[in-house]
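A.B. asks: Before I ask anything, let me first share the structure, which is written out below as structure tokens.
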Amino acid sequence: MTSPLLRTAGLAVAGLALLSACSGGRPAVADLETGLTSNASIFPVAEQQAECAAELLLDSDLSDEVLTVVAEADQEAEADLSAEDRSMLATLQVQVLQTCTG
């Protein structure tokens with residue numbers, strides 16, 4: 001039988017884990033790959049380029065917020081990107097084409 005204190009502690013730990021997963025930060029390579037190859041992608045790439053492109057984006061100076069927009073293929077949020085962010089994404093698309101052939 002589990003004591004109420006242990007159950008409460010367990011729930012608190014689970015809640016903290018959930019909050020930390022949603023707290024932002026740079027998306028994972030796998031999340032970017034999913035967004036990059038989505039039909040709704042704002043930065044579309046071929047499946048065979050996805051991992052390379054994701055790593056290139058993660059190594060760039062793009063903010064975590066912009067990377068999240070790419071990972072989530074969020075077309076509504078794309079409309080709110082700054083001109084600087086759009087320019088950087090365009091430059092990175094050229095780099096992907098030059099670097100991530102396969």
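Chain identifiers are assigned as A, B, and so on, following the order in which chains appear in the structure tokens; residues are numbered from 1 within each chain, and ligands are numbered from 1 in order of appearance.
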Near stretch 30-43 of chain A, within 6 Å and counting only C-alpha atoms, which residues show up once chain neighbours fewer than 4 positions away are dropped, as number ranges by chain?
C.D. replies: A: 50-51, 54, 70-73
A.B. asks: Which neighbours of stretch 86-93 of chain A fall inside 12 Å, counting only C-alpha atoms, when residues of the same chain fewer than 5 positions from it are skipped, and could you give them as an MDAnalysis selection string?
C.D. replies: chainID A and resid 36 42:46 49:50 52:63 66:67 69:70 77:81 98:100
A.B. asks: Counting only C-alpha atoms, what is within 9 Å of A:Glu65, bar same-chain residues fewer than 6 positions away, as a list in words?
C.D. replies: Gly24, Gly25 and Arg26 of chain A
A.B. asks: Dump N, CA, C and O atoms for the selected residues as an mmCIF file, in the first residue's frame?
C.D. replies:
data_model
loop_
_atom_site.group_PDB
_atom_site.id
_atom_site.type_symbol
_atom_site.label_atom_id
_atom_site.label_comp_id
_atom_site.auth_asym_id
_atom_site.auth_seq_id
_atom_site.Cartn_x
_atom_site.Cartn_y
_atom_site.Cartn_z
ATOM 1 N N GLY A 24 9.866 24.824 -23.468
ATOM 2 C CA GLY A 24 10.563 25.469 -24.570
ATOM 3 C C GLY A 24 11.946 24.899 -24.747
ATOM 4 O O GLY A 24 12.193 23.746 -24.493
ATOM 5 N N GLY A 25 12.843 25.752 -25.178
ATOM 6 C CA GLY A 25 14.183 25.306 -25.485
ATOM 7 C C GLY A 25 14.262 24.903 -26.945
ATOM 8 O O GLY A 25 13.272 24.943 -27.681
ATOM 9 N N ARG A 26 15.446 24.544 -27.375
ATOM 10 C CA ARG A 26 15.639 24.162 -28.765
ATOM 11 C C ARG A 26 14.964 22.822 -29.027
ATOM 12 O O ARG A 26 15.079 21.896 -28.243
#
A.B. asks: Among the residues of stretch 47-90 of chain A, find those DSSP assigns to helix (DSSP H, G or I) from the backbone and print them as a PyMOL selection string.
C.D. replies: chain A and resi 47-58+64-71+75-78+83-90
